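Engineer: So that you have it, the file is my_file.txt, and it contains compact mmCIF, C-alpha atoms:
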```
# COMPACT_ATOMS: atom_id res chain seq x y z
CA MET S 238 -25.83 -15.28 4.84
CA SER S 239 -27.43 -18.68 4.24
CA ALA S 240 -25.18 -21.66 3.51
CA THR S 241 -27.66 -23.26 1.10
CA THR S 242 -30.87 -22.36 -0.69
CA PRO S 243 -34.00 -24.34 0.22
CA GLU S 244 -34.99 -24.72 -3.45
CA THR S 245 -31.79 -26.48 -4.53
CA GLY S 246 -29.95 -27.43 -1.34
CA THR S 247 -26.82 -25.86 -2.81
CA ALA S 248 -24.87 -22.74 -1.96
CA PRO S 249 -26.32 -19.60 -3.59
CA LEU S 250 -24.49 -17.79 -6.37
CA ARG S 251 -22.79 -14.82 -4.72
CA VAL S 252 -22.88 -11.63 -6.76
CA LEU S 253 -21.08 -8.28 -6.41
CA ILE S 254 -22.63 -5.25 -8.15
CA ALA S 255 -20.46 -2.29 -9.16
CA ASP S 256 -22.07 0.83 -10.66
CA ASP S 257 -21.71 4.51 -9.83
CA GLN S 258 -25.48 5.04 -9.99
CA GLU S 259 -27.29 4.00 -6.81
CA MET S 260 -30.55 3.53 -8.70
CA VAL S 261 -28.94 1.00 -11.04
CA ARG S 262 -27.37 -0.92 -8.16
CA THR S 263 -30.72 -1.01 -6.36
CA GLY S 264 -32.53 -2.21 -9.47
CA PHE S 265 -30.04 -4.99 -10.12
CA ARG S 266 -30.07 -6.02 -6.46
CA LEU S 267 -33.88 -6.27 -6.40
CA ILE S 268 -33.95 -8.30 -9.62
CA LEU S 269 -31.27 -10.72 -8.49
CA ALA S 270 -32.43 -11.04 -4.88
CA ALA S 271 -35.84 -12.16 -6.15
CA GLN S 272 -34.26 -15.15 -7.87
CA PRO S 273 -33.81 -18.50 -6.14
CA GLY S 274 -30.20 -19.40 -5.62
CA ILE S 275 -28.73 -15.90 -6.07
CA GLU S 276 -27.42 -13.68 -3.28
CA VAL S 277 -26.05 -10.14 -3.63
CA VAL S 278 -23.08 -9.99 -1.25
CA GLY S 279 -21.80 -6.49 -1.93
CA GLU S 280 -22.13 -3.23 -3.84
CA ALA S 281 -19.53 -0.73 -4.99
CA ALA S 282 -19.93 2.80 -6.35
CA ASP S 283 -16.49 3.04 -7.98
CA GLY S 284 -13.93 0.79 -9.60
CA ALA S 285 -11.35 0.85 -6.82
CA ALA S 286 -13.94 -0.18 -4.23
CA CYS S 287 -15.12 -2.94 -6.57
CA VAL S 288 -11.62 -4.43 -6.83
CA GLU S 289 -11.13 -4.27 -3.05
CA LEU S 290 -14.52 -5.86 -2.32
CA ALA S 291 -14.13 -8.51 -4.99
CA ARG S 292 -10.75 -9.61 -3.71
CA ARG S 293 -12.02 -9.72 -0.14
CA LEU S 294 -15.43 -11.32 -0.72
CA ARG S 295 -14.54 -13.60 -3.67
CA PRO S 296 -18.03 -13.52 -5.24
CA ASP S 297 -19.01 -16.03 -7.92
CA VAL S 298 -19.87 -13.21 -10.33
CA CYS S 299 -19.01 -9.51 -10.51
CA LEU S 300 -21.39 -7.21 -12.43
CA VAL S 301 -19.26 -4.25 -13.48
CA ASP S 302 -20.32 -1.01 -15.15
CA VAL S 303 -17.98 0.38 -17.82
CA ARG S 304 -17.95 4.02 -16.76
CA MET S 305 -17.06 4.41 -13.08
CA PRO S 306 -14.82 6.80 -11.13
CA LYS S 307 -11.31 5.90 -9.93
CA LEU S 308 -11.09 2.79 -12.12
CA ASN S 309 -13.34 2.17 -15.10
CA GLY S 310 -15.01 -1.18 -15.62
CA LEU S 311 -12.53 -2.34 -18.26
CA GLU S 312 -9.60 -1.70 -15.90
CA VAL S 313 -11.50 -3.49 -13.12
CA THR S 314 -12.12 -6.44 -15.43
CA ARG S 315 -8.44 -6.66 -16.33
CA LEU S 316 -7.42 -6.64 -12.67
CA LEU S 317 -9.98 -9.24 -11.60
CA ALA S 318 -10.18 -11.50 -14.64
CA GLY S 319 -7.31 -10.66 -16.98
CA PRO S 320 -4.31 -12.83 -17.87
CA ASP S 321 -2.26 -11.45 -14.98
CA ALA S 322 -5.00 -11.91 -12.36
CA VAL S 323 -4.22 -14.36 -9.59
CA ASP S 324 -7.18 -16.71 -9.08
CA PRO S 325 -9.38 -14.77 -11.56
CA LEU S 326 -13.05 -14.05 -10.99
CA HIS S 327 -16.01 -14.20 -13.35
CA VAL S 328 -16.82 -10.69 -14.56
CA VAL S 329 -19.84 -9.54 -16.57
CA VAL S 330 -19.50 -6.03 -17.99
CA VAL S 331 -22.77 -4.09 -18.00
CA THR S 332 -23.15 -0.80 -19.82
CA THR S 333 -25.56 1.72 -21.26
CA PHE S 334 -23.18 2.34 -24.16
CA ASP S 335 -23.57 -0.01 -27.11
CA GLN S 336 -20.04 0.39 -28.46
CA ASP S 337 -18.03 -2.29 -30.22
CA ASP S 338 -14.72 -1.10 -28.78
CA TYR S 339 -16.06 -1.65 -25.27
CA LEU S 340 -17.04 -5.22 -26.15
CA ASP S 341 -13.67 -5.96 -27.74
CA GLU S 342 -11.75 -4.58 -24.78
CA ALA S 343 -13.99 -6.29 -22.22
CA LEU S 344 -13.45 -9.70 -23.81
CA ARG S 345 -9.71 -9.14 -24.19
CA SER S 346 -9.62 -8.17 -20.51
CA GLY S 347 -11.19 -11.47 -19.46
CA ALA S 348 -14.92 -10.73 -19.16
CA VAL S 349 -17.25 -13.70 -19.58
CA GLY S 350 -20.24 -11.54 -20.42
CA PHE S 351 -21.20 -8.21 -21.95
CA LEU S 352 -24.69 -6.92 -21.27
CA LEU S 353 -26.58 -3.75 -22.14
CA LYS S 354 -28.48 -2.24 -19.23
CA ASP S 355 -31.72 -2.26 -21.23
CA ALA S 356 -31.43 -5.99 -21.94
CA GLY S 357 -34.13 -6.80 -19.38
CA PRO S 358 -34.29 -8.68 -16.06
CA GLY S 359 -34.40 -12.13 -17.66
CA LEU S 360 -31.15 -11.66 -19.55
CA LEU S 361 -29.47 -10.15 -16.50
CA VAL S 362 -30.29 -13.24 -14.45
CA GLU S 363 -29.25 -15.54 -17.29
CA ALA S 364 -25.94 -13.68 -17.66
CA VAL S 365 -25.20 -14.15 -13.95
CA ARG S 366 -26.00 -17.86 -14.05
CA ALA S 367 -24.00 -18.33 -17.27
CA ALA S 368 -20.99 -16.48 -15.84
CA ALA S 369 -21.03 -18.61 -12.71
CA ARG S 370 -20.80 -21.68 -14.96
CA GLY S 371 -17.94 -20.11 -16.90
CA ASP S 372 -20.09 -19.59 -20.00
CA ALA S 373 -20.02 -16.34 -21.98
CA LEU S 374 -23.19 -14.39 -22.68
CA VAL S 375 -23.28 -11.27 -24.82
CA SER S 376 -26.43 -9.23 -25.43
CA PRO S 377 -27.89 -10.66 -28.67
CA ALA S 378 -28.33 -7.20 -30.22
CA VAL S 379 -24.61 -6.53 -29.75
CA THR S 380 -23.59 -9.97 -30.99
CA LEU S 381 -25.53 -9.83 -34.23
CA ARG S 382 -24.40 -6.33 -35.20
CA LEU S 383 -20.79 -6.91 -34.26
CA LEU S 384 -20.23 -10.34 -35.72
CA SER S 385 -21.85 -9.66 -39.06
CA ARG S 386 -18.98 -7.33 -39.88
CA MET S 387 -16.22 -8.62 -37.60
CA ALA S 388 -14.16 -10.11 -40.44
CA ASP S 389 -13.84 -6.69 -42.09
CA ARG S 390 -12.88 -4.99 -38.84
CA HIS S 391 -10.48 -7.53 -37.37
CA GLY S 392 -9.48 -10.09 -39.97
CA PRO S 393 -8.27 -13.27 -38.24
CA GLN S 394 -7.55 -11.55 -34.92
CA CYS S 395 -10.90 -12.31 -33.26
CA GLY S 396 -12.52 -14.95 -35.31
CA ALA S 397 -10.82 -18.17 -35.06
CA ALA S 398 -7.68 -17.54 -33.64
CA ALA S 399 -9.24 -19.95 -36.08
CA GLU S 400 -7.74 -18.84 -39.25
CA GLY S 401 -6.72 -22.36 -40.17
CA ALA S 402 -9.82 -24.09 -38.83
CA SER S 403 -11.97 -25.87 -41.38
CA PRO S 404 -15.75 -26.38 -41.20
CA HIS S 405 -15.05 -30.04 -41.95
CA GLU S 406 -13.52 -30.40 -38.49
CA LEU S 407 -17.00 -29.97 -36.97
CA SER S 408 -19.86 -32.44 -37.11
CA GLU S 409 -23.08 -31.31 -38.76
CA ARG S 410 -24.72 -30.88 -35.37
CA GLU S 411 -21.75 -28.87 -34.08
CA LEU S 412 -22.08 -26.62 -37.14
CA ASP S 413 -25.78 -26.16 -36.34
CA VAL S 414 -24.88 -25.10 -32.80
CA ALA S 415 -22.15 -22.73 -34.02
CA ARG S 416 -24.54 -21.04 -36.46
CA LEU S 417 -27.16 -20.52 -33.76
CA VAL S 418 -24.53 -19.09 -31.40
CA ALA S 419 -23.64 -16.66 -34.19
CA ARG S 420 -27.27 -15.59 -34.36
CA GLY S 421 -27.20 -14.64 -30.68
CA ARG S 422 -29.16 -17.61 -29.34
CA THR S 423 -28.76 -18.66 -25.71
CA ASN S 424 -28.05 -22.27 -24.74
CA GLN S 425 -31.72 -22.72 -23.83
CA GLU S 426 -32.87 -21.36 -27.18
CA ILE S 427 -30.41 -23.57 -29.07
CA ALA S 428 -31.63 -26.61 -27.15
CA ALA S 429 -35.26 -25.83 -27.98
CA GLU S 430 -34.56 -25.15 -31.66
CA LEU S 431 -32.50 -28.32 -32.17
CA PHE S 432 -34.64 -30.50 -29.88
CA ILE S 433 -31.71 -31.43 -27.66
CA SER S 434 -30.93 -30.88 -23.98
CA VAL S 435 -29.07 -27.87 -22.61
CA ALA S 436 -26.40 -30.29 -21.35
CA THR S 437 -25.92 -31.54 -24.91
CA VAL S 438 -25.59 -27.96 -26.16
CA LYS S 439 -22.88 -27.31 -23.57
CA SER S 440 -21.08 -30.51 -24.62
CA HIS S 441 -21.15 -29.41 -28.26
CA LEU S 442 -19.78 -25.98 -27.30
CA VAL S 443 -16.86 -27.56 -25.46
CA ASN S 444 -16.06 -29.70 -28.51
CA ILE S 445 -16.39 -26.75 -30.89
CA GLN S 446 -14.04 -24.59 -28.81
CA ALA S 447 -11.45 -27.38 -28.71
CA LYS S 448 -11.65 -28.08 -32.46
CA LEU S 449 -11.50 -24.42 -33.47
CA ALA S 450 -8.99 -23.39 -30.79
CA VAL S 451 -11.21 -20.50 -29.65
CA ARG S 452 -11.85 -19.26 -26.12
CA ASN S 453 -15.57 -18.53 -25.90
CA ARG S 454 -18.90 -18.42 -27.73
CA VAL S 455 -18.21 -14.96 -29.13
CA GLU S 456 -15.19 -16.33 -30.99
CA ILE S 457 -17.25 -19.33 -32.12
CA ALA S 458 -19.75 -16.88 -33.58
CA ALA S 459 -17.02 -14.83 -35.23
CA TRP S 460 -15.62 -17.98 -36.83
CA ALA S 461 -19.07 -18.87 -38.18
CA TRP S 462 -19.43 -15.47 -39.84
CA GLU S 463 -15.86 -15.31 -41.14
CA SER S 464 -15.84 -18.84 -42.56
CA GLY S 465 -19.02 -18.30 -44.57
CA GLN S 466 -21.20 -20.63 -42.50
CA MET S 467 -24.00 -18.15 -41.98
CA GLY S 468 -25.02 -18.25 -45.63
CA ARG S 469 -25.74 -21.94 -45.17
CA ALA S 470 -27.83 -21.64 -41.99
```
Kindly return the structure encoded in the file as structure tokens.
Structural biologist:
Amino acid sequence: MSATTPETGTAPLRVLIADDQEMVRTGFRLILAAQPGIEVVGEAADGAACVELARRLRPDVCLVDVRMPKLNGLEVTRLLAGPDAVDPLHVVVVTTFDQDDYLDEALRSGAVGFLLKDAGPGLLVEAVRAAARGDALVSPAVTLRLLSRMADRHGPQCGAAAEGASPHELSERELDVARLVARGRTNQEIAAELFISVATVKSHLVNIQAKLAVRNRVEIAAWAWESGQMGRA
């Protein structure tokens, strides 16, 4: 295991992959191992093994399938990243099943990402890098479908813990960023569209979360839909 990567001179991002299908684990490992600055440090074929390995190896990011034997991915996420977890880890839930209840439960359990297995290699790598930074990344297809009707399904529960938050609390640029988050854009895409740096996007996201009292970009997006901002984008 190398201490640093030649390209950056920094320690590589250490990733644990948990999926009951060997072919999926192999595919993810090959994709990630080909990236500079990412190292796959372990693989697990069931949820119990994932929890044991994660607690022993302390990876930077755990990629966890939803449907696994012994413990499913949502239970694994709760144990590794939930409110009762000691020294929680960054977990990205990866699944074949595009179901809103899985997304809701994954985020409530502490996941910082939710990815469909057909999202493509680029989004997989981006999700790992985002999770290591503590950012949330949800497959855009899931985000757009879910958030466009989240107010009807959940009322104030998901959107802004934000029920009392006003659009006037955000600057015009922060509103622009919030609307683009709600449309499923990544930080890089937001930066390109608004002609600002990725670092500036991240700074805006921190400010938005503080002003709206929300926990992640999914809740920022839900607030944007629920507060009527998307009709003004």
Engineer: Which one of S:Val418, S:Val252, S:Ala450, S:Leu442 sits closest to Leu326 of chain S if you count all atoms listed in the file?
Structural biologist: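 Selected residue with least distance to Leu326 of chain S: S:Val252.
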Engineer: Would you mind telling me which residue in S:Val365, S:Ala255, S:Leu290, S:Ala248 lies nearest to Ile268 of chain S when using all atoms listed in the file?
Structural biologist: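 Comparing S:Val365, S:Ala255, S:Leu290, S:Ala248 against Ile268 of chain S, the winner is S:Val365.
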Engineer: In Å to one decimal, how far is atom CA of Arg304 of chain S from atom CA of Ala291 of chain S?
Structural biologist: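 Computing it gives 17.6 Å between the two atoms.
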Engineer: What does the distance from atom CA of Lys448 of chain S to atom CA of Ile427 of chain S come to in Å, to one decimal?
Structural biologist: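 Here the two named atoms are 19.6 Å from each other.
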Engineer: Which residues come within 6 Å of Asp257 of chain S, counting all atoms listed in the file, excluding same-chain residues fewer than 5 positions away, as a PDB file with C-alpha atoms, in the frame of the given file?
Structural biologist:
```
ATOM      1  CA  ALA S 282     -19.930   2.800  -6.350  1.00  0.00           C
ATOM      2  CA  ASP S 283     -16.490   3.040  -7.980  1.00  0.00           C
ATOM      3  CA  MET S 305     -17.060   4.410 -13.080  1.00  0.00           C
TER       4      MET S 305
END
```
Engineer: My list of candidates is S:Val443, S:Val438, S:Glu456, S:Ser408. Which is closest to Leu344 of chain S when distances are computed with all atoms listed in the file?
Structural biologist: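 Smallest distance to Leu344 of chain S is found for S:Glu456.
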Engineer: Just to confirm, what's the straight-line distance from atom CA of Ala343 of chain S to atom CA of Thr314 of chain S in Å (one decimal)?
Structural biologist: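 So the answer is 7.0 Å.
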